[in-house]
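Q: Structure file my_file.cif, mmCIF, C-alpha atoms, is pasted below:
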data_model
loop_
_atom_site.label_atom_id
_atom_site.label_comp_id
_atom_site.auth_asym_id
_atom_site.auth_seq_id
_atom_site.Cartn_x
_atom_site.Cartn_y
_atom_site.Cartn_z
CA MET B 1 -0.76 22.32 63.13
CA LYS B 2 -2.77 20.29 65.63
CA SER B 3 -5.40 23.03 65.82
CA GLU B 4 -6.07 22.57 62.10
CA LEU B 5 -6.89 18.87 62.25
CA TYR B 6 -10.52 17.89 62.02
CA PHE B 7 -10.66 14.21 62.89
CA ASP B 8 -13.71 14.72 65.12
CA ILE B 9 -15.93 16.35 62.49
CA LYS B 10 -18.86 14.11 61.62
CA PRO B 11 -20.51 15.01 58.28
CA LYS B 12 -24.29 14.65 58.17
CA PHE B 13 -25.78 11.78 56.17
CA PRO B 14 -27.67 11.84 53.99
CA GLY B 15 -26.28 15.25 53.12
CA ARG B 16 -25.50 17.50 50.16
CA TYR B 17 -21.85 18.08 49.27
CA PRO B 18 -20.06 19.74 46.33
CA VAL B 19 -17.97 17.38 44.22
CA LEU B 20 -14.25 17.98 43.67
CA PRO B 21 -13.19 15.50 40.94
CA LEU B 22 -9.59 14.32 41.19
CA ARG B 23 -7.58 13.29 38.13
CA ASP B 24 -4.85 11.04 39.50
CA ILE B 25 -5.29 10.45 43.21
CA VAL B 26 -7.58 8.71 45.68
CA VAL B 27 -7.88 10.51 49.03
CA PHE B 28 -8.41 8.24 52.02
CA PRO B 29 -10.07 9.05 55.36
CA TYR B 30 -7.72 10.73 57.89
CA HIS B 31 -5.10 11.53 55.27
CA ILE B 32 -3.92 15.10 54.73
CA VAL B 33 -3.11 15.76 51.09
CA PRO B 34 -2.07 18.82 49.03
CA LEU B 35 -4.07 19.21 45.81
CA PHE B 36 -3.60 21.51 42.83
CA VAL B 37 -6.83 23.02 41.50
CA GLY B 38 -6.65 24.28 37.92
CA ARG B 39 -10.11 23.81 36.42
CA GLN B 40 -12.63 26.61 36.64
CA LYS B 41 -15.42 24.38 37.96
CA SER B 42 -13.11 22.97 40.60
CA ALA B 43 -12.17 26.49 41.66
CA LEU B 44 -15.89 27.26 42.07
CA VAL B 45 -16.26 24.16 44.24
CA VAL B 46 -13.44 25.32 46.50
CA GLU B 47 -14.90 28.84 46.73
CA HIS B 48 -18.31 27.42 47.60
CA ALA B 49 -16.87 25.14 50.28
CA LEU B 50 -14.82 27.92 51.86
CA GLN B 51 -17.92 30.10 52.09
CA THR B 52 -19.94 27.35 53.78
CA ASP B 53 -18.62 24.48 55.91
CA LYS B 54 -15.35 23.77 54.04
CA LEU B 55 -16.53 20.25 53.23
CA VAL B 56 -16.20 18.68 49.76
CA PHE B 57 -16.68 15.22 48.27
CA LEU B 58 -13.31 14.07 46.96
CA THR B 59 -13.67 11.40 44.30
CA ALA B 60 -11.43 10.18 41.51
CA GLN B 61 -12.14 10.35 37.80
CA ARG B 62 -12.34 7.07 35.92
CA ASP B 63 -10.40 8.65 33.04
CA LEU B 64 -7.98 11.44 33.94
CA ARG B 65 -8.01 12.75 30.36
CA ILE B 66 -11.58 14.06 30.67
CA GLU B 67 -11.50 17.80 31.25
CA ASP B 68 -15.12 18.31 32.29
CA PRO B 69 -16.25 15.09 34.03
CA THR B 70 -19.92 14.23 34.44
CA ALA B 71 -21.41 12.10 37.19
CA GLU B 72 -20.77 9.01 35.06
CA ASP B 73 -17.07 9.89 34.80
CA ILE B 74 -16.36 9.78 38.53
CA TYR B 75 -16.40 6.93 41.03
CA PRO B 76 -19.55 6.90 43.19
CA VAL B 77 -17.51 6.07 46.31
CA GLY B 78 -15.12 8.70 47.61
CA THR B 79 -14.14 10.59 50.73
CA VAL B 80 -15.73 13.58 52.40
CA GLY B 81 -12.90 15.97 53.14
CA ILE B 82 -12.38 19.36 54.71
CA ILE B 83 -10.31 22.15 53.17
CA LEU B 84 -7.67 23.17 55.70
CA ARG B 85 -5.85 25.79 53.64
CA MET B 86 -6.03 27.49 50.28
CA MET B 87 -3.38 29.47 48.42
CA ARG B 88 -4.06 31.22 45.10
CA ASP B 89 -1.70 31.37 42.18
CA LYS B 90 -0.74 35.05 41.94
CA GLU B 91 -0.55 34.92 38.16
CA SER B 92 -3.79 32.99 37.63
CA PRO B 93 -6.52 33.52 40.30
CA ASP B 94 -8.46 30.43 39.15
CA ARG B 95 -5.48 28.22 39.93
CA MET B 96 -4.92 27.36 43.56
CA LYS B 97 -3.32 24.88 45.91
CA ILE B 98 -5.40 23.46 48.72
CA LEU B 99 -4.64 21.26 51.68
CA VAL B 100 -7.43 18.79 52.42
CA GLN B 101 -8.00 16.22 55.11
CA GLY B 102 -10.12 13.16 54.44
CA ILE B 103 -12.78 12.58 57.07
CA CYS B 104 -14.88 9.58 56.10
CA LYS B 105 -15.92 7.40 53.18
CA ALA B 106 -19.23 8.13 51.44
CA ARG B 107 -21.28 7.03 48.42
CA ILE B 108 -23.31 9.11 45.97
CA LEU B 109 -27.03 8.50 46.43
CA GLY B 110 -28.24 11.08 43.91
CA ILE B 111 -27.52 14.37 42.20
CA PHE B 112 -28.93 17.57 43.71
CA GLN B 113 -27.31 20.04 41.30
CA SER B 114 -25.19 19.79 38.15
CA ASP B 115 -24.54 23.44 37.26
CA PRO B 116 -22.29 25.37 37.72
CA PHE B 117 -20.79 22.35 39.50
CA TYR B 118 -22.08 19.09 40.89
CA ILE B 119 -23.64 18.89 44.32
CA VAL B 120 -24.53 15.33 45.26
CA VAL B 121 -26.51 13.66 47.99
CA LEU B 122 -24.20 11.35 49.94
CA GLY B 123 -24.79 8.37 52.17
CA ASN B 124 -22.32 7.18 54.77
CA ARG B 125 -20.09 4.23 53.87
CA GLU B 126 -18.66 3.36 57.28
CA SER B 127 -16.38 0.36 57.24
CA GLU B 128 -17.53 -2.89 58.78
CA LYS B 129 -16.43 -3.62 62.32
CA SER B 130 -14.07 -6.54 62.62
CA GLU B 131 -15.03 -9.26 65.10
CA ARG B 132 -11.49 -10.65 65.20
CA SER B 133 -9.40 -10.60 68.36
CA LYS B 134 -6.24 -8.51 68.61
CA PRO B 135 -3.91 -11.53 68.07
CA GLU B 136 -5.94 -12.54 65.00
CA THR B 137 -5.76 -9.00 63.62
CA GLU B 138 -2.01 -8.81 64.24
CA ALA B 139 -1.58 -11.99 62.22
CA PHE B 140 -2.83 -10.08 59.17
CA ILE B 141 -1.03 -6.82 59.95
CA LEU B 142 2.50 -8.21 60.29
CA PRO B 143 2.74 -9.80 56.80
CA VAL B 144 1.71 -6.53 55.14
CA LYS B 145 4.39 -4.62 57.01
CA GLU B 146 6.95 -7.27 56.11
CA LYS B 147 5.99 -7.16 52.44
CA LEU B 148 6.31 -3.38 52.40
CA ASP B 149 9.75 -3.65 54.02
CA LYS B 150 10.75 -6.16 51.35
CA LEU B 151 9.48 -3.91 48.58
CA ILE B 152 11.64 -1.09 49.93
CA SER B 153 14.77 -2.96 51.00
CA GLU B 154 15.05 -5.51 48.21
CA GLN B 155 13.21 -3.96 45.29
CA GLY B 156 14.13 -0.30 45.65
CA ALA B 157 10.70 1.21 46.25
CA THR B 158 10.70 4.48 48.19
CA VAL B 159 8.43 5.53 51.04
CA ARG B 160 9.17 8.59 53.15
CA ALA B 161 10.88 7.82 56.45
CA ASP B 162 8.25 9.63 58.53
CA ILE B 163 5.49 7.65 56.81
CA MET B 164 7.32 4.41 57.56
CA VAL B 165 7.50 5.31 61.24
CA VAL B 166 3.73 5.72 61.32
CA ILE B 167 3.18 2.50 59.37
CA GLU B 168 5.42 0.50 61.70
CA ASN B 169 3.37 1.62 64.70
CA LEU B 170 -0.12 1.22 63.22
CA GLU B 171 -2.33 -1.51 64.67
CA ASP B 172 -5.55 -0.55 62.89
CA PRO B 173 -5.90 -2.78 59.77
CA GLU B 174 -7.95 -0.28 57.78
CA LYS B 175 -5.72 2.70 58.47
CA LEU B 176 -2.67 0.56 57.68
CA ALA B 177 -4.13 -0.55 54.35
CA HIS B 178 -5.00 3.03 53.44
CA LEU B 179 -1.61 4.45 54.39
CA VAL B 180 0.32 1.75 52.54
CA THR B 181 -1.89 2.10 49.46
CA ALA B 182 -1.50 5.86 49.40
CA ASN B 183 2.30 5.66 49.41
CA ILE B 184 3.28 2.95 46.92
CA GLY B 185 2.38 4.69 43.67
CA LEU B 186 -0.65 2.64 42.63
CA GLU B 187 -2.90 3.34 39.69
CA VAL B 188 -6.12 5.11 40.64
CA SER B 189 -8.21 2.01 39.89
CA GLN B 190 -6.26 -0.11 42.39
CA ALA B 191 -6.31 2.56 45.10
CA GLN B 192 -10.04 2.98 44.50
CA GLU B 193 -10.53 -0.76 44.94
CA ILE B 194 -8.88 -0.61 48.37
CA LEU B 195 -10.99 2.38 49.39
CA GLU B 196 -14.23 0.62 48.48
CA ILE B 197 -13.62 -2.64 50.36
CA GLY B 198 -15.71 -2.59 53.52
CA ASP B 199 -14.18 -5.30 55.70
CA PRO B 200 -10.89 -4.06 57.24
CA ILE B 201 -9.23 -7.47 57.13
CA GLN B 202 -10.27 -8.09 53.53
CA LYS B 203 -8.94 -4.63 52.72
CA LEU B 204 -5.62 -5.47 54.35
CA MET B 205 -5.41 -8.84 52.62
CA ARG B 206 -5.99 -7.22 49.24
CA THR B 207 -3.26 -4.69 50.04
CA GLY B 208 -0.94 -7.61 50.73
CA ASP B 209 -1.85 -9.17 47.37
CA ILE B 210 -1.01 -5.90 45.62
CA LEU B 211 2.33 -5.71 47.44
CA ASP B 212 3.09 -9.27 46.30
CA GLY B 213 2.40 -8.21 42.73
CA LEU B 214 4.68 -5.19 43.02
CA ILE B 215 7.47 -7.31 44.49
CA ARG B 216 7.21 -9.71 41.53
CA GLN B 217 7.03 -6.81 39.10
CA TYR B 218 10.15 -5.17 40.51
CA GLY B 219 11.93 -8.53 40.41
CA ASP B 220 11.08 -8.99 36.73
CA PHE B 221 12.76 -5.70 35.87
CA GLN B 222 16.00 -6.52 37.65
#
Any chance you could put this one into structure tokens?
A:
Amino acid sequence: MKSELYFDIKPKFPGRYPVLPLRDIVVFPYHIVPLFVGRQKSALVVEHALQTDKLVFLTAQRDLRIEDPTAEDIYPVGTVGIILRMMRDKESPDRMKILVQGICKARILGIFQSDPFYIVVLGNRESEKSERSKPETEAFILPVKEKLDKLISEQGATVRADIMVVIENLEDPEKLAHLVTANIGLEVSQAQEILEIGDPIQKLMRTGDILDGLIRQYGDFQ
């Protein structure tokens, strides 16, 4: 599996990338995620990527009910990802399951092509570098981990054990915020908000606020 990871790939910016709209998920940098592809245009995007550099722009739809999203129907900030694997549905060739890995955050600068699928020009959206010392950073990391533990132990939320092991050992505030966000069942709009925040500490603080809200919400239902 290690040979299939592409953490060191650096997409070119500005660059042209095919758009793979996602209905109900936000893909974060470094995360490896299985995706089901059922729309014909999305299948064409996957085919195009596999025939070129395997890179796609993964961005969420604002409204998951829209079958054929336009540029206005997707968020302008998303994640450049690489397709690691693809498996076709034997009964329906246009349906497939892919495994993608997020590489880095990017923003749409313009549209290069709209038919038969969107190809957009992307600019890099690298996160801001924190000037805080390690002790200062740890002071923001620990409360988020504690709130997640509380959400699981006291409120009954579920996070896979292997994910929790990674979370407990993470010291990077941005990666921690992304991993927590991706595993607590948030609405797309909230996950998108976390993705778009540039400052790692602000991102982590907002994740903590969301965890507080979930803890209160779970408590209200008990």
Q: Mind telling me what the PyMOL selection byres ((chain B and resi 118-120) around 12) catches here, as a ChimeraX atom specification?
A: /B:13-21,41-42,44-45,48-49,55-59,68-72,74,76-78,80,106-117,121-123
Q: Please compute the atom CA of Pro29 of chain B-atom CA of Lys175 of chain B distance, one decimal, in Å.
A: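 Taking atom CA of Pro29 of chain B and atom CA of Lys175 of chain B, their separation equals 8.3 Å.
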Q: Which residues come within 12 Å of segment 193-204 of chain B, counting all atoms listed in the file, excluding same-chain residues fewer than 6 positions away, as a PyMOL selection string?
A: chain B and resi 25-29+59-60+75-79+102+104-107+124-134+136-145+147+171-182+186-187+210-211
Q: Take the residues from that selection and put them in a file with C-alpha atoms, as a compact mmCIF listing (two decimals), in the frame of the given file.
A:
# COMPACT_ATOMS: atom_id res chain seq x y z
CA ILE B 25 -5.29 10.45 43.21
CA VAL B 26 -7.58 8.71 45.68
CA VAL B 27 -7.88 10.51 49.03
CA PHE B 28 -8.41 8.24 52.02
CA PRO B 29 -10.07 9.05 55.36
CA THR B 59 -13.67 11.40 44.30
CA ALA B 60 -11.43 10.18 41.51
CA TYR B 75 -16.40 6.93 41.03
CA PRO B 76 -19.55 6.90 43.19
CA VAL B 77 -17.51 6.07 46.31
CA GLY B 78 -15.12 8.70 47.61
CA THR B 79 -14.14 10.59 50.73
CA GLY B 102 -10.12 13.16 54.44
CA CYS B 104 -14.88 9.58 56.10
CA LYS B 105 -15.92 7.40 53.18
CA ALA B 106 -19.23 8.13 51.44
CA ARG B 107 -21.28 7.03 48.42
CA ASN B 124 -22.32 7.18 54.77
CA ARG B 125 -20.09 4.23 53.87
CA GLU B 126 -18.66 3.36 57.28
CA SER B 127 -16.38 0.36 57.24
CA GLU B 128 -17.53 -2.89 58.78
CA LYS B 129 -16.43 -3.62 62.32
CA SER B 130 -14.07 -6.54 62.62
CA GLU B 131 -15.03 -9.26 65.10
CA ARG B 132 -11.49 -10.65 65.20
CA SER B 133 -9.40 -10.60 68.36
CA LYS B 134 -6.24 -8.51 68.61
CA GLU B 136 -5.94 -12.54 65.00
CA THR B 137 -5.76 -9.00 63.62
CA GLU B 138 -2.01 -8.81 64.24
CA ALA B 139 -1.58 -11.99 62.22
CA PHE B 140 -2.83 -10.08 59.17
CA ILE B 141 -1.03 -6.82 59.95
CA LEU B 142 2.50 -8.21 60.29
CA PRO B 143 2.74 -9.80 56.80
CA VAL B 144 1.71 -6.53 55.14
CA LYS B 145 4.39 -4.62 57.01
CA LYS B 147 5.99 -7.16 52.44
CA GLU B 171 -2.33 -1.51 64.67
CA ASP B 172 -5.55 -0.55 62.89
CA PRO B 173 -5.90 -2.78 59.77
CA GLU B 174 -7.95 -0.28 57.78
CA LYS B 175 -5.72 2.70 58.47
CA LEU B 176 -2.67 0.56 57.68
CA ALA B 177 -4.13 -0.55 54.35
CA HIS B 178 -5.00 3.03 53.44
CA LEU B 179 -1.61 4.45 54.39
CA VAL B 180 0.32 1.75 52.54
CA THR B 181 -1.89 2.10 49.46
CA ALA B 182 -1.50 5.86 49.40
CA LEU B 186 -0.65 2.64 42.63
CA GLU B 187 -2.90 3.34 39.69
CA ILE B 210 -1.01 -5.90 45.62
CA LEU B 211 2.33 -5.71 47.44
Q: Around segment 66-80 of chain B, with edges along x, y and z and 6 Å added on all six sides, what centre and edge lengths do you get, in Å to one decimal, as lines of an AutoDock Vina configuration file?
A:
center_x = -16.5
center_y = 12.2
center_z = 41.5
size_x = 21.9
size_y = 24.2
size_z = 33.7
Q: Let me make sure I understand: among B:Met87, B:Val188, B:Ile9, B:Leu64, which one has the smallest atom-to-atom distance to Ala43 of chain B if we use only C-alpha atoms?
A: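 Comparing B:Met87, B:Val188, B:Ile9, B:Leu64 against Ala43 of chain B, the winner is B:Met87.
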Q: So what do you get for atom CA of Gln40 of chain B versus atom CA of Gln101 of chain B, distance-wise?
A: 21.7 Å
Q: As an exercise, work out the distance from atom CA of Arg88 of chain B to atom CA of Arg23 of chain B in Å and give it to one decimal place.
A: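 Pair atom CA of Arg88 of chain B / atom CA of Arg23 of chain B returns 19.6 Å.
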Q: Determine the nearest neighbour of Gly213 of chain B from the options B:Leu151, B:Leu22, B:Val166, B:Ile98, counting only C-alpha atoms.
A: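 With only C-alpha atoms as the atom set, the closest residue is B:Leu151.
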Q: Which residue gives the smallest distance to Gln61 of chain B among B:Gln217, B:Thr158, B:Asn169, B:Gln192, with all atoms listed in the file counted?
A: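 Smallest separation from Gln61 of chain B among the options: B:Gln192.
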Q: Applying the PyMOL selection byres ((chain B and resi 37) around 8) to the file I just gave you, which residues come out? Please list them as a VMD selection string.
A: chain B and resid 35 to 36 38 to 39 42 to 43 94 to 98
